[in-house]
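J.: Okay, so here is data.cif, and as you'll see once you scroll down, it has mmCIF, C-alpha atoms.
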data_run
#
loop_
_atom_site.label_atom_id
_atom_site.label_comp_id
_atom_site.auth_asym_id
_atom_site.auth_seq_id
_atom_site.Cartn_x
_atom_site.Cartn_y
_atom_site.Cartn_z
CA MET A 238 0.00 0.00 0.00
CA LEU A 239 2.96 2.31 0.62
CA ASP A 240 4.03 1.90 -3.02
CA SER A 241 0.51 2.88 -4.20
CA ILE A 242 0.55 6.01 -2.04
CA GLU A 243 3.90 7.06 -3.52
CA ILE A 244 2.53 6.58 -7.04
CA TYR A 245 -0.55 8.69 -6.28
CA LEU A 246 1.63 11.43 -4.75
CA GLY A 247 3.44 11.68 -8.06
CA GLU A 248 0.14 11.71 -9.96
CA ILE A 249 -1.43 14.58 -8.02
CA ARG A 250 1.69 16.70 -8.33
CA ASN A 251 1.70 16.28 -12.12
CA PHE A 252 -2.06 16.23 -12.78
CA PRO A 253 -2.75 18.94 -15.43
CA ILE A 254 -5.09 21.66 -14.06
CA ALA A 255 -5.44 24.56 -16.49
CA ASN A 256 -9.10 25.48 -16.05
CA LEU A 257 -12.19 24.86 -13.93
CA GLU A 258 -13.21 21.81 -15.94
CA GLU A 259 -9.87 20.08 -15.25
CA LEU A 260 -10.08 21.12 -11.60
CA GLU A 261 -13.43 19.37 -11.31
CA LYS A 262 -11.97 16.22 -12.90
CA PHE A 263 -9.17 16.35 -10.32
CA ARG A 264 -11.69 16.60 -7.47
CA LEU A 265 -13.85 13.76 -8.77
CA HIS A 266 -10.85 11.47 -9.37
CA TYR A 267 -9.19 11.96 -5.99
CA LEU A 268 -11.51 13.61 -3.44
CA SER A 269 -15.10 12.60 -4.22
CA LYS A 270 -16.82 9.84 -2.24
CA LYS A 271 -15.83 7.27 -4.85
CA GLY A 272 -12.41 8.87 -5.43
CA ILE A 273 -9.02 7.32 -4.84
CA ILE A 274 -8.28 8.84 -1.42
CA PRO A 275 -11.53 7.67 0.27
CA GLN A 276 -10.86 4.19 -1.21
CA LEU A 277 -7.34 4.17 0.27
CA PHE A 278 -8.76 5.03 3.69
CA GLU A 279 -11.16 2.09 3.40
CA GLN A 280 -8.20 -0.20 2.61
CA PHE A 281 -6.30 1.30 5.55
CA LYS A 282 -8.93 -0.05 7.95
CA ALA A 283 -8.04 -3.62 6.95
CA LEU A 284 -4.29 -3.31 7.67
CA GLU A 285 -2.57 -5.01 10.54
CA PRO A 286 -2.01 -2.72 13.56
CA SER A 287 1.75 -2.93 13.11
CA GLN A 288 1.48 -1.41 9.61
CA ARG A 289 -0.96 1.38 10.38
CA LYS A 290 1.45 3.94 11.82
CA GLU A 291 3.73 4.28 8.79
CA VAL A 292 0.94 3.92 6.23
CA GLY A 293 -1.29 6.36 8.10
CA GLN A 294 1.37 9.06 8.06
CA LYS A 295 1.90 8.69 4.31
CA LEU A 296 -1.87 8.58 3.68
CA ASN A 297 -2.42 11.84 5.59
CA ILE A 298 0.38 13.49 3.59
CA LEU A 299 -1.33 12.39 0.36
CA LYS A 300 -4.71 13.72 1.50
CA LYS A 301 -3.33 17.09 2.64
CA GLU A 302 -1.35 17.64 -0.58
CA THR A 303 -4.38 16.73 -2.69
CA GLU A 304 -6.71 19.08 -0.79
CA SER A 305 -4.08 21.85 -0.80
CA ARG A 306 -3.56 21.64 -4.58
CA PHE A 307 -7.31 21.62 -5.19
CA GLN A 308 -7.94 24.67 -2.93
CA SER A 309 -5.04 26.71 -4.35
CA HIS A 310 -6.24 26.25 -7.93
CA LYS A 311 -9.83 26.96 -6.91
CA ASP A 312 -8.82 30.26 -5.28
CA GLU A 313 -6.75 31.17 -8.34
CA PHE A 314 -9.61 30.59 -10.79
CA GLU A 315 -12.11 32.47 -8.61
CA SER A 316 -9.71 35.40 -8.38
CA GLN A 317 -9.42 35.43 -12.18
CA VAL A 318 -13.22 35.66 -12.49
CA VAL A 319 -13.32 38.63 -10.13
CA ASP A 320 -10.43 40.35 -11.93
CA SER A 321 -12.16 39.85 -15.27
CA TYR A 322 -15.33 41.45 -13.88
CA MET A 323 -13.43 44.35 -12.34
CA GLU A 324 -11.66 45.16 -15.62
CA GLY A 325 -14.86 46.53 -17.12
CA LEU A 326 -16.07 48.22 -13.94
CA ASP A 327 -15.72 51.98 -13.48
CA LEU A 328 -15.56 52.56 -9.73
CA THR A 329 -15.95 56.33 -10.21
CA LEU A 330 -19.56 55.95 -11.40
CA PRO A 331 -22.30 56.74 -8.84
CA GLY A 332 -24.06 53.74 -7.36
CA LYS A 333 -27.62 52.78 -8.16
CA PRO A 334 -29.87 54.01 -5.33
CA GLU A 335 -32.00 51.49 -3.50
CA LYS A 336 -35.74 52.05 -3.75
CA ILE A 337 -37.20 53.20 -0.46
CA GLY A 338 -40.30 51.43 0.74
CA SER A 339 -43.28 53.29 2.15
CA ARG A 340 -45.97 52.81 4.72
CA HIS A 341 -49.41 51.78 3.50
CA PRO A 342 -51.79 54.78 3.31
CA ILE A 343 -54.12 53.09 5.82
CA SER A 344 -51.19 52.74 8.25
CA ILE A 345 -50.18 56.37 7.70
CA LEU A 346 -53.67 57.64 8.51
CA ARG A 347 -54.05 55.25 11.45
CA LYS A 348 -50.88 56.62 13.03
CA GLU A 349 -51.98 60.24 12.46
CA VAL A 350 -55.32 59.57 14.17
CA ILE A 351 -53.63 57.82 17.13
CA ASP A 352 -51.17 60.72 17.49
CA ILE A 353 -53.97 63.29 17.53
CA PHE A 354 -55.94 61.53 20.27
CA SER A 355 -52.82 60.73 22.28
CA ARG A 356 -52.16 64.48 22.56
CA ILE A 357 -55.38 64.86 24.54
CA GLY A 358 -54.84 61.94 26.88
CA PHE A 359 -56.20 58.88 25.05
CA ILE A 360 -54.24 55.64 25.33
CA VAL A 361 -54.37 52.71 22.86
CA ALA A 362 -56.18 49.47 23.79
CA GLN A 363 -56.15 46.25 21.78
CA GLY A 364 -58.35 43.17 21.62
CA PRO A 365 -58.85 39.89 19.70
CA GLU A 366 -60.27 39.80 16.16
CA ILE A 367 -62.23 36.60 16.96
CA GLU A 368 -64.91 37.40 19.52
CA ASP A 369 -67.73 35.75 21.45
CA ASP A 370 -71.34 36.89 21.37
CA TRP A 371 -71.16 38.68 24.72
CA HIS A 372 -68.38 41.10 23.85
CA ASN A 373 -69.39 41.60 20.21
CA PHE A 374 -73.17 41.88 20.64
CA SER A 375 -74.93 41.19 23.94
CA ALA A 376 -72.97 43.52 26.23
CA LEU A 377 -73.53 46.28 23.65
CA ASN A 378 -77.33 45.97 23.84
CA PHE A 379 -77.81 44.14 20.54
CA PRO A 380 -81.10 42.28 20.98
CA PRO A 381 -81.32 38.63 19.80
CA GLU A 382 -83.33 39.62 16.70
CA HIS A 383 -80.97 42.44 15.62
CA PRO A 384 -80.08 42.14 11.89
CA ALA A 385 -76.36 42.53 12.63
CA ARG A 386 -76.45 39.06 14.18
CA ASP A 387 -77.69 37.53 10.93
CA MET A 388 -75.34 35.62 8.63
CA GLN A 389 -75.74 38.31 5.96
CA ASP A 390 -73.80 40.79 8.12
CA THR A 391 -71.47 38.68 10.26
CA PHE A 392 -68.83 36.05 9.54
CA PHE A 393 -69.64 33.37 12.12
CA ILE A 394 -67.01 30.79 13.03
CA GLU A 395 -69.06 28.68 15.47
CA LYS A 396 -72.75 28.63 16.35
CA ASN A 397 -72.91 27.89 20.10
CA GLU A 398 -76.39 28.99 21.12
CA ASN A 399 -76.49 26.68 24.14
CA LYS A 400 -72.89 27.23 25.31
CA GLU A 401 -71.47 29.86 27.62
CA GLY A 402 -70.33 32.91 25.65
CA GLY A 403 -72.60 32.12 22.70
CA ASP A 404 -71.61 32.25 19.06
CA ILE A 405 -68.03 32.84 17.94
CA ALA A 406 -67.48 35.27 15.05
CA LEU A 407 -65.02 37.63 13.45
CA ARG A 408 -65.61 40.93 15.26
CA THR A 409 -67.86 43.35 13.39
CA HIS A 410 -66.51 46.41 15.23
CA THR A 411 -63.85 47.32 17.75
CA SER A 412 -66.60 48.16 20.27
CA SER A 413 -65.87 44.69 21.63
CA VAL A 414 -62.52 46.05 22.85
CA GLN A 415 -64.40 48.81 24.71
CA ILE A 416 -66.33 46.16 26.64
CA ARG A 417 -63.18 44.24 27.51
CA TYR A 418 -61.46 47.47 28.55
CA MET A 419 -64.31 48.58 30.83
CA GLU A 420 -64.56 45.09 32.35
CA SER A 421 -60.88 45.11 33.24
CA GLY A 422 -60.81 48.01 35.71
CA LYS A 423 -62.52 51.03 37.19
CA PRO A 424 -63.20 54.50 35.68
CA PRO A 425 -61.96 56.90 34.58
CA PHE A 426 -61.33 55.41 31.12
CA ARG A 427 -59.94 57.34 28.16
CA ALA A 428 -58.80 55.11 25.30
CA ILE A 429 -58.97 54.49 21.57
CA MET A 430 -59.20 51.04 20.00
CA PRO A 431 -57.71 50.69 16.50
CA GLY A 432 -58.10 47.43 14.59
CA ARG A 433 -59.41 45.47 11.65
CA VAL A 434 -63.04 44.37 11.54
CA TYR A 435 -65.11 42.12 9.28
CA ARG A 436 -68.64 42.31 7.84
CA ASN A 437 -70.31 40.18 5.24
CA GLU A 438 -71.04 43.06 2.87
CA ALA A 439 -70.94 43.53 -0.88
CA ILE A 440 -67.61 44.88 -2.12
CA SER A 441 -67.84 48.20 -3.96
CA SER A 442 -65.91 51.43 -4.47
CA ARG A 443 -67.03 52.58 -0.99
CA SER A 444 -67.16 49.36 1.06
CA ASN A 445 -65.32 46.09 1.62
CA CYS A 446 -65.86 42.87 3.58
CA PHE A 447 -63.03 43.89 5.92
CA PHE A 448 -61.97 47.37 6.92
CA HIS A 449 -60.21 49.29 9.68
CA GLN A 450 -61.80 51.16 12.59
CA ILE A 451 -60.67 53.33 15.44
CA GLU A 452 -63.16 53.57 18.26
CA GLY A 453 -62.87 55.88 21.23
CA LEU A 454 -64.16 55.72 24.77
CA TYR A 455 -64.26 58.23 27.63
CA VAL A 456 -65.91 57.36 30.95
CA ASP A 457 -65.72 59.59 34.04
CA LYS A 458 -67.88 61.61 36.35
CA GLY A 459 -69.85 64.40 34.66
CA VAL A 460 -69.05 63.56 31.02
CA SER A 461 -71.52 65.25 28.65
CA PHE A 462 -72.40 65.38 24.96
CA ALA A 463 -70.66 68.77 24.80
CA ASP A 464 -67.40 67.03 25.74
CA LEU A 465 -67.93 64.60 22.88
CA LYS A 466 -68.58 67.36 20.34
CA GLN A 467 -65.52 69.36 21.36
CA THR A 468 -63.28 66.28 21.22
CA LEU A 469 -64.43 65.40 17.71
CA PHE A 470 -64.25 69.02 16.53
CA TYR A 471 -60.63 69.18 17.69
CA PHE A 472 -59.87 65.87 15.97
CA VAL A 473 -61.33 66.91 12.59
CA GLN A 474 -59.52 70.23 12.53
CA GLU A 475 -56.22 68.59 13.43
CA LEU A 476 -56.56 65.94 10.73
CA PHE A 477 -58.28 67.74 7.87
CA GLY A 478 -57.49 71.39 8.54
CA LYS A 479 -59.01 74.42 10.26
CA ASN A 480 -61.43 75.18 7.43
CA THR A 481 -63.14 71.77 7.55
CA LYS A 482 -66.80 72.02 8.52
CA ILE A 483 -68.66 69.38 10.51
CA ARG A 484 -72.29 68.55 11.14
CA PHE A 485 -74.07 66.12 13.47
CA ARG A 486 -77.17 64.18 12.44
CA PRO A 487 -79.39 62.24 14.90
CA SER A 488 -78.96 58.48 14.55
CA TYR A 489 -79.45 55.23 16.42
CA PHE A 490 -76.96 52.73 17.85
CA PRO A 491 -77.91 50.06 20.41
CA PHE A 492 -75.01 50.98 22.71
CA THR A 493 -75.35 54.80 22.79
CA GLU A 494 -78.20 57.16 23.68
CA PRO A 495 -78.46 59.83 22.35
CA SER A 496 -76.60 58.87 19.18
CA ALA A 497 -75.39 60.83 16.18
CA GLU A 498 -73.49 60.49 12.92
CA MET A 499 -70.91 63.13 12.05
CA ASP A 500 -70.17 64.41 8.56
CA ILE A 501 -67.38 66.61 7.25
CA THR A 502 -67.10 68.63 4.07
CA CYS A 503 -65.86 66.39 1.26
CA GLN A 504 -62.11 66.79 0.86
CA ASN A 505 -62.23 65.43 -2.68
CA CYS A 506 -64.43 68.19 -4.12
CA GLY A 507 -64.26 70.83 -1.39
CA GLY A 508 -67.99 70.52 -0.72
CA LYS A 509 -69.06 71.10 -4.33
CA GLY A 510 -70.33 67.56 -4.89
CA CYS A 511 -68.72 64.48 -6.47
CA ALA A 512 -69.10 60.70 -6.71
CA ILE A 513 -67.34 60.18 -3.37
CA CYS A 514 -69.86 62.32 -1.44
CA LYS A 515 -72.77 61.30 -3.70
CA HIS A 516 -72.89 64.93 -4.90
CA SER A 517 -73.98 66.14 -1.45
CA GLY A 518 -70.76 67.91 -0.47
CA TRP A 519 -70.69 65.95 2.82
CA VAL A 520 -69.04 62.67 3.83
CA GLU A 521 -69.92 60.65 6.91
CA ILE A 522 -66.78 59.70 8.84
CA LEU A 523 -68.01 58.41 12.20
CA GLY A 524 -70.83 57.49 14.53
CA CYS A 525 -70.94 58.58 18.15
CA GLY A 526 -73.07 59.09 21.24
CA MET A 527 -73.37 58.89 24.99
CA ILE A 528 -72.85 55.38 26.34
CA ASP A 529 -76.15 53.72 27.16
CA PRO A 530 -76.52 53.20 30.95
CA GLN A 531 -77.27 49.52 30.40
CA VAL A 532 -73.87 49.05 28.69
CA LEU A 533 -72.21 50.55 31.78
CA ILE A 534 -74.19 48.18 33.99
CA ASN A 535 -73.12 45.23 31.82
CA CYS A 536 -69.52 46.24 32.54
CA HIS A 537 -70.15 46.62 36.31
CA ILE A 538 -70.03 50.44 36.24
CA ASP A 539 -72.62 52.49 38.16
CA PRO A 540 -74.42 54.78 35.65
CA GLU A 541 -75.63 56.95 38.53
CA GLU A 542 -72.02 57.87 39.31
CA TYR A 543 -70.36 57.71 35.89
CA SER A 544 -71.25 58.71 32.35
CA GLY A 545 -69.30 58.55 29.13
CA TYR A 546 -69.22 58.87 25.38
CA ALA A 547 -68.06 56.59 22.58
CA PHE A 548 -67.30 57.09 18.90
CA GLY A 549 -66.18 54.94 16.00
CA LEU A 550 -64.64 56.01 12.72
CA GLY A 551 -63.72 54.07 9.59
CA ILE A 552 -60.09 54.59 8.60
CA ASP A 553 -60.61 53.32 5.04
CA ARG A 554 -63.32 55.81 4.11
CA MET A 555 -61.44 58.60 5.80
CA ALA A 556 -58.41 57.65 3.69
CA LEU A 557 -60.53 58.17 0.56
CA ASN A 558 -61.03 61.79 1.62
CA ARG A 559 -57.59 62.32 3.12
CA PHE A 560 -55.71 61.15 0.00
CA LYS A 561 -58.43 61.99 -2.57
CA VAL A 562 -58.82 58.41 -3.80
CA SER A 563 -62.00 57.45 -5.64
CA ASP A 564 -62.14 53.67 -5.02
CA ILE A 565 -61.59 51.98 -1.64
CA ARG A 566 -60.59 48.68 -3.28
CA ILE A 567 -57.30 50.08 -4.58
CA PHE A 568 -55.97 50.25 -1.00
CA PHE A 569 -55.85 46.43 -0.90
CA GLU A 570 -54.77 45.47 -4.44
CA ASN A 571 -51.01 45.81 -3.67
CA ASP A 572 -50.44 47.85 -6.81
CA ILE A 573 -46.90 49.16 -6.41
CA ARG A 574 -47.65 52.05 -8.79
CA PHE A 575 -50.28 53.30 -6.35
CA LEU A 576 -48.47 52.53 -3.09
CA SER A 577 -45.19 54.14 -4.22
CA GLN A 578 -46.93 57.53 -4.27
CA PHE A 579 -46.90 57.49 -0.46
CA SER A 580 -43.11 57.12 -0.07
CA SER A 581 -42.82 60.84 0.73
CA LEU A 582 -45.29 60.40 3.61
CA LEU A 583 -43.12 58.11 5.77
CA VAL A 584 -44.00 58.83 9.40
#
Would you mind writing the structure in this file as structure tokens?
T.:
Amino acid sequence: MLDSIEIYLGEIRNFPIANLEELEKFRLHYLSKKGIIPQLFEQFKALEPSQRKEVGQKLNILKKETESRFQSHKDEFESQVVDSYMEGLDLTLPGKPEKIGSRHPISILRKEVIDIFSRIGFIVAQGPEIEDDWHNFSALNFPPEHPARDMQDTFFIEKNENKEGGDIALRTHTSSVQIRYMESGKPPFRAIMPGRVYRNEAISSRSNCFFHQIEGLYVDKGVSFADLKQTLFYFVQELFGKNTKIRFRPSYFPFTEPSAEMDITCQNCGGKGCAICKHSGWVEILGCGMIDPQVLINCHIDPEEYSGYAFGLGIDRMALNRFKVSDIRIFFENDIRFLSQFSSLLV
């Protein structure tokens, strides 16, 4: 076996390696799993113990020289490739700038709204997107026959009429977070609840089956409807500008009494009338009202001692006005041509 090792030492030293193809032949012939060196190591295992010391030393020398010659030629050829590439490269040319990503317009507006309310003492509260009947409907005074409970409006996950907690569904509003927040402590409460909600509605230029809400809650002693109006007036002027007009219209919500819907002058047409505002000059952006005493009772709060207001606004429709977009669906089509327009609005 010693004679064979000496022969192979001579072979590897004289093996012609002039290019990458010949280098690969060298590797396959000597170093691959079925190559000569692994075969010699297999033969080495069968030697008598008295022979192993001398043969092992020679075998290790053969292996190291083979690996060394392979690696040196490999480094040389790779260096030649780099040098060839660098020959035609002008290092004085300016580099190609990387494209800067941008926040989604819904995320931009969401952050602006949160920042505005945080300046007047509101904190952010979060809750699950999958809710039970109590937090999504019952605690908010939705009667059993209310149409919002029907399959045409709600994405139900489980129907559990006879089980504790009732049906399980994708939340239809972030009012469910208000209930969880009020159940968790004692007044005063001042918080906003941003999040995604789901309703089984037809998709159009003004509505989608999922959208984003921010709801607000303020509970304390002596809270009045005047406090609600001033809070929302401040919010609108901060977000849309000092010249934006607002109006309140009486409305109905099971969890507030009295209730109202609030409109602002259409930012797309300046109040002149367009498709976005249905040619009325006004766009509804939120619903609001004083929290119904029964909702406070459901959350173990004494309505004789505390009162409060709540409001909920749709970020998606507000984004239509804020960014003067005509179709709500474009926000969720991931069209890079549209989204790249907001790169200058990184916040």
J.: Could you tell me, as a PyMOL selection string, exactly which residues end up selected when the PyMOL selection byres ((chain A and resi 372) around 12) is applied to this structure?
T.: chain A and resi 364-371+373-379+402-420+492+532+535-536
J.: Hey, what's within 9 Å of Leu465 (chain A) if we count only C-alpha atoms and toss same-chain stuff fewer than 6 positions away? As a ChimeraX atom specification, please?
T.: /A:455,525-527,545-548
J.: Env of Ile351 (chain A): 10 Å cut, atoms = only C-alpha atoms, seq-sep filter 6 positions within chain, self excluded. Answer as a PyMOL selection string.
T.: chain A and resi 359-361+429-431+451
J.: Which residue gives the smallest distance to Arg433 (chain A) among A:Gly551, A:Pro487, A:Gly332, A:Pro540, with only C-alpha atoms counted?
T.: A:Gly551
J.: Let me know the residues the PyMOL selection byres ((chain A and resi 472) around 12) catches in the file above, as number ranges by chain.
T.: A: 349-357, 453, 465-471, 473-479, 481-483, 501, 522-523, 548, 550
J.: With distances taken over all atoms listed in the file, which residue among A:His537, A:Ser442, A:Ala283, A:Pro334 lies nearest Ser421 (chain A)?
T.: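 Smallest separation from Ser421 (chain A) among the options: A:His537.
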J.: Can you list, as a PyMOL selection string, every protein, DNA or RNA residue that comes within 12 Å of Leu299 (chain A) when you count only C-alpha atoms, leaving out same-chain residues fewer than 6 positions away?
T.: chain A and resi 239+241-250+267-268+273-275+277-278+292-293+305-306
J.: Since the input has fewer atoms than a full residue there, write region 371-406 of chain A out with N, CA and C atoms, as a PDB file, in the frame of the given file.
T.:
ATOM      1  N   TRP A 371     -70.995  37.708  23.643  1.00  0.00           N
ATOM      2  CA  TRP A 371     -71.160  38.680  24.720  1.00  0.00           C
ATOM      3  C   TRP A 371     -70.421  39.980  24.416  1.00  0.00           C
ATOM      4  N   HIS A 372     -69.163  39.890  24.063  1.00  0.00           N
ATOM      5  CA  HIS A 372     -68.380  41.100  23.850  1.00  0.00           C
ATOM      6  C   HIS A 372     -68.706  41.788  22.525  1.00  0.00           C
ATOM      7  N   ASN A 373     -69.121  41.012  21.525  1.00  0.00           N
ATOM      8  CA  ASN A 373     -69.390  41.600  20.210  1.00  0.00           C
ATOM      9  C   ASN A 373     -70.814  42.123  20.078  1.00  0.00           C
ATOM     10  N   PHE A 374     -71.775  41.498  20.810  1.00  0.00           N
ATOM     11  CA  PHE A 374     -73.170  41.880  20.640  1.00  0.00           C
ATOM     12  C   PHE A 374     -73.899  42.140  21.959  1.00  0.00           C
ATOM     13  N   SER A 375     -74.015  41.116  22.795  1.00  0.00           N
ATOM     14  CA  SER A 375     -74.930  41.190  23.940  1.00  0.00           C
ATOM     15  C   SER A 375     -74.606  42.310  24.901  1.00  0.00           C
ATOM     16  N   ALA A 376     -73.338  42.470  25.279  1.00  0.00           N
ATOM     17  CA  ALA A 376     -72.970  43.520  26.230  1.00  0.00           C
ATOM     18  C   ALA A 376     -73.178  44.911  25.651  1.00  0.00           C
ATOM     19  N   LEU A 377     -73.322  44.990  24.320  1.00  0.00           N
ATOM     20  CA  LEU A 377     -73.530  46.280  23.650  1.00  0.00           C
ATOM     21  C   LEU A 377     -74.994  46.535  23.334  1.00  0.00           C
ATOM     22  N   ASN A 378     -75.884  45.777  23.974  1.00  0.00           N
ATOM     23  CA  ASN A 378     -77.330  45.970  23.840  1.00  0.00           C
ATOM     24  C   ASN A 378     -77.890  45.561  22.484  1.00  0.00           C
ATOM     25  N   PHE A 379     -77.217  44.664  21.765  1.00  0.00           N
ATOM     26  CA  PHE A 379     -77.810  44.140  20.540  1.00  0.00           C
ATOM     27  C   PHE A 379     -78.825  43.071  20.911  1.00  0.00           C
ATOM     28  N   PRO A 380     -80.095  43.284  20.644  1.00  0.00           N
ATOM     29  CA  PRO A 380     -81.100  42.280  20.980  1.00  0.00           C
ATOM     30  C   PRO A 380     -80.924  41.026  20.118  1.00  0.00           C
ATOM     31  N   PRO A 381     -81.493  39.892  20.547  1.00  0.00           N
ATOM     32  CA  PRO A 381     -81.320  38.630  19.800  1.00  0.00           C
ATOM     33  C   PRO A 381     -81.783  38.713  18.352  1.00  0.00           C
ATOM     34  N   GLU A 382     -82.786  39.550  18.062  1.00  0.00           N
ATOM     35  CA  GLU A 382     -83.330  39.620  16.700  1.00  0.00           C
ATOM     36  C   GLU A 382     -82.660  40.701  15.853  1.00  0.00           C
ATOM     37  N   HIS A 383     -81.606  41.345  16.370  1.00  0.00           N
ATOM     38  CA  HIS A 383     -80.970  42.440  15.620  1.00  0.00           C
ATOM     39  C   HIS A 383     -80.370  41.910  14.315  1.00  0.00           C
ATOM     40  N   PRO A 384     -80.571  42.637  13.196  1.00  0.00           N
ATOM     41  CA  PRO A 384     -80.080  42.140  11.890  1.00  0.00           C
ATOM     42  C   PRO A 384     -78.572  41.964  11.822  1.00  0.00           C
ATOM     43  N   ALA A 385     -77.815  42.672  12.663  1.00  0.00           N
ATOM     44  CA  ALA A 385     -76.360  42.530  12.630  1.00  0.00           C
ATOM     45  C   ALA A 385     -75.913  41.139  13.056  1.00  0.00           C
ATOM     46  N   ARG A 386     -76.790  40.411  13.763  1.00  0.00           N
ATOM     47  CA  ARG A 386     -76.450  39.060  14.180  1.00  0.00           C
ATOM     48  C   ARG A 386     -76.665  38.042  13.063  1.00  0.00           C
ATOM     49  N   ASP A 387     -77.359  38.447  12.007  1.00  0.00           N
ATOM     50  CA  ASP A 387     -77.690  37.530  10.930  1.00  0.00           C
ATOM     51  C   ASP A 387     -76.462  37.204  10.098  1.00  0.00           C
ATOM     52  N   MET A 388     -76.479  36.061   9.437  1.00  0.00           N
ATOM     53  CA  MET A 388     -75.340  35.620   8.630  1.00  0.00           C
ATOM     54  C   MET A 388     -75.020  36.605   7.496  1.00  0.00           C
ATOM     55  N   GLN A 389     -76.003  37.396   7.066  1.00  0.00           N
ATOM     56  CA  GLN A 389     -75.740  38.310   5.960  1.00  0.00           C
ATOM     57  C   GLN A 389     -74.825  39.463   6.369  1.00  0.00           C
ATOM     58  N   ASP A 390     -74.635  39.690   7.662  1.00  0.00           N
ATOM     59  CA  ASP A 390     -73.800  40.790   8.120  1.00  0.00           C
ATOM     60  C   ASP A 390     -72.543  40.338   8.861  1.00  0.00           C
ATOM     61  N   THR A 391     -72.546  39.122   9.378  1.00  0.00           N
ATOM     62  CA  THR A 391     -71.470  38.680  10.260  1.00  0.00           C
ATOM     63  C   THR A 391     -70.851  37.385   9.752  1.00  0.00           C
ATOM     64  N   PHE A 392     -69.526  37.288   9.851  1.00  0.00           N
ATOM     65  CA  PHE A 392     -68.830  36.050   9.540  1.00  0.00           C
ATOM     66  C   PHE A 392     -68.746  35.210  10.806  1.00  0.00           C
ATOM     67  N   PHE A 393     -69.644  34.231  10.936  1.00  0.00           N
ATOM     68  CA  PHE A 393     -69.640  33.370  12.120  1.00  0.00           C
ATOM     69  C   PHE A 393     -68.644  32.234  11.943  1.00  0.00           C
ATOM     70  N   ILE A 394     -67.965  31.889  13.031  1.00  0.00           N
ATOM     71  CA  ILE A 394     -67.010  30.790  13.030  1.00  0.00           C
ATOM     72  C   ILE A 394     -67.632  29.554  13.684  1.00  0.00           C
ATOM     73  N   GLU A 395     -68.357  29.768  14.794  1.00  0.00           N
ATOM     74  CA  GLU A 395     -69.060  28.680  15.470  1.00  0.00           C
ATOM     75  C   GLU A 395     -70.423  29.184  15.928  1.00  0.00           C
ATOM     76  N   LYS A 396     -71.420  28.325  15.814  1.00  0.00           N
ATOM     77  CA  LYS A 396     -72.750  28.630  16.350  1.00  0.00           C
ATOM     78  C   LYS A 396     -72.911  27.833  17.645  1.00  0.00           C
ATOM     79  N   ASN A 397     -72.867  28.537  18.781  1.00  0.00           N
ATOM     80  CA  ASN A 397     -72.910  27.890  20.100  1.00  0.00           C
ATOM     81  C   ASN A 397     -74.034  28.488  20.924  1.00  0.00           C
ATOM     82  N   GLU A 398     -75.255  28.340  20.460  1.00  0.00           N
ATOM     83  CA  GLU A 398     -76.390  28.990  21.120  1.00  0.00           C
ATOM     84  C   GLU A 398     -76.589  28.501  22.548  1.00  0.00           C
ATOM     85  N   ASN A 399     -76.234  27.257  22.813  1.00  0.00           N
ATOM     86  CA  ASN A 399     -76.490  26.680  24.140  1.00  0.00           C
ATOM     87  C   ASN A 399     -75.243  26.658  25.027  1.00  0.00           C
ATOM     88  N   LYS A 400     -74.123  27.243  24.540  1.00  0.00           N
ATOM     89  CA  LYS A 400     -72.890  27.230  25.310  1.00  0.00           C
ATOM     90  C   LYS A 400     -72.607  28.601  25.904  1.00  0.00           C
ATOM     91  N   GLU A 401     -71.838  28.611  26.975  1.00  0.00           N
ATOM     92  CA  GLU A 401     -71.470  29.860  27.620  1.00  0.00           C
ATOM     93  C   GLU A 401     -70.660  30.721  26.659  1.00  0.00           C
ATOM     94  N   GLY A 402     -71.009  31.982  26.569  1.00  0.00           N
ATOM     95  CA  GLY A 402     -70.330  32.910  25.650  1.00  0.00           C
ATOM     96  C   GLY A 402     -71.012  33.027  24.322  1.00  0.00           C
ATOM     97  N   GLY A 403     -71.830  32.027  23.936  1.00  0.00           N
ATOM     98  CA  GLY A 403     -72.600  32.120  22.700  1.00  0.00           C
ATOM     99  C   GLY A 403     -71.760  31.887  21.470  1.00  0.00           C
ATOM    100  N   ASP A 404     -72.265  32.438  20.356  1.00  0.00           N
ATOM    101  CA  ASP A 404     -71.610  32.250  19.060  1.00  0.00           C
ATOM    102  C   ASP A 404     -70.215  32.861  19.044  1.00  0.00           C
ATOM    103  N   ILE A 405     -69.361  32.319  18.165  1.00  0.00           N
ATOM    104  CA  ILE A 405     -68.030  32.840  17.940  1.00  0.00           C
ATOM    105  C   ILE A 405     -67.969  33.395  16.520  1.00  0.00           C
ATOM    106  N   ALA A 406     -67.471  34.627  16.370  1.00  0.00           N
ATOM    107  CA  ALA A 406     -67.480  35.270  15.050  1.00  0.00           C
ATOM    108  C   ALA A 406     -66.274  36.201  14.916  1.00  0.00           C
TER     109      ALA A 406
END
